[in-house]
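Here's the structure we're looking at; comments come further down.
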Amino acid sequence: MENPMTYFWLIVIIISLIVEVSTASLVAIWFIPSAILAIILSLFNVSIGIQVTVFFVISIISLLALRKIIYEKLKKQTVPTNADALIGKTGIVIEDIDYINLKGQVKVSGQVWTAIGEGEKIIKGDTVEIIGIEGVKLVIKKIKSEVTL
């Protein structure tokens, strides 16, 4: 590796790898294949102008062609966590839901949450479905009532 541009492109790869590993947000990954191609060109003593042009063109093409695909693939792999994972689950009312004063409690997956209903009377023992989250309160709708004889 006698060409100084070879070292330059190697440094670009190393910096891109460091940036990508430290951010993990697909910021610099596009420069790595471009710099590899530029290294190959520098080994064949291709002019610096062509190396730089190829570097930028391949970087832009990589960014435009692959970014959307990679983000969609990563998005499909994300799993709802924390409160978002509760939406669609069922729970039991452990304290009557007072829609006017916005108080009441529901037990879902072993956890007690403050909950609000959608205007209907929901009493202790009713089974409810979590349909949303407003702030730190679950928004629920009644599935069935506790029947007492």
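Going by the structure tokens order, chains are called A, B, ..., each with residues numbered from 1, while ligands are numbered from 1 in the order shown.
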As an MDAnalysis selection string, please: every residue in range 38-105 of chain A that a backbone DSSP assignment puts in alpha helix (DSSP H). chainID A and resid 38:43 48:77
Could you check how far CA of Ala38 in chain A sits from CA of Ile70 in chain A, in Å to one decimal? 23.7 Å
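Put simply, CA of Glu2 in chain A is 28.2 Å away from CA of Glu20 in chain A.
Among the candidates A:Glu120, A:Glu134, A:Glu72, A:Glu129, the residue lying nearest to Gly88 in chain A is A:Glu129 (atoms considered: only C-alpha atoms).
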I'd like the contact shell of range 98-101 of chain A - 7 Å cut-off, only C-alpha atoms, skipping same-chain residues fewer than 3 positions apart - returned as a list in words.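 These residues fall inside the cut-off: Gly104, Ile116, Gly117 and Gly119 of chain A.
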Just list as a PyMOL selection string whatever in range 37-129 of chain A DSSP marks as strand (DSSP E). chain A and resi 90-98+103-108+111-116+127-129
So that I can check the surroundings of Ile15 in chain A, please list as a ChimeraX atom specification every protein, DNA and RNA residue that reaches within 12 Å of it, counting only C-alpha atoms and ignoring chain neighbours fewer than 5 positions away. /A:8-10,20-22,27-29,31-32,35
Neighbours of Thr53 in chain A within 12 Å (only C-alpha atoms; same-chain residues fewer than 6 positions away dropped), as a PyMOL selection string? chain A and resi 34-35+37-38+41+46-47+59-60
In Å, how far is it from CA of Asp84 in chain A to CA of Leu66 in chain A? 29.0 Å
Considering only C-alpha atoms, state which residue in the set A:Ile61, A:Val93, A:Met5, A:Val19 is at the smallest distance from Ile36 in chain A.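 With only C-alpha atoms as the atom set, the closest residue is A:Met5.
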Give me the residues within 8 Å of Val108 in chain A as a compact mmCIF listing (two decimals) with N, CA and C atoms, in the first residue's frame, counting only C-alpha atoms and dropping any in the same chain fewer than 5 places off.
```txt
# COMPACT_ATOMS: atom_id res chain seq x y z
N LEU A 86 -49.64 -3.22 26.69
CA LEU A 86 -50.90 -3.51 27.36
C LEU A 86 -52.11 -3.31 26.45
N LYS A 89 -54.98 -5.96 25.69
CA LYS A 89 -55.10 -6.95 26.75
C LYS A 89 -56.36 -6.71 27.57
N THR A 90 -56.74 -7.71 28.34
CA THR A 90 -57.90 -7.58 29.22
C THR A 90 -57.44 -7.49 30.66
N GLY A 91 -58.30 -6.89 31.48
CA GLY A 91 -58.01 -6.74 32.89
C GLY A 91 -59.30 -6.78 33.69
N ILE A 92 -59.13 -6.75 35.01
CA ILE A 92 -60.27 -6.77 35.93
C ILE A 92 -60.28 -5.45 36.69
N TRP A 113 -53.17 -0.49 37.58
CA TRP A 113 -53.06 0.76 36.82
C TRP A 113 -54.27 1.64 37.10
```
Contacts of Lys142 in chain A within 7 Å, only C-alpha atoms, excl. fewer than 5 positions in-chain, as JSON, numbers by chain: {"A": [122, 126, 127, 128, 129]}
Nearest-residue call for Gly110 in chain A, choices A:Ala65, A:Phe44, A:Ile94, A:Trp30, using only C-alpha atoms: A:Ile94
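Using only C-alpha atoms, the nearest neighbour of Val106 in chain A within the list A:Gly132, A:Lys137, A:Asn3, A:Glu118 is A:Lys137.
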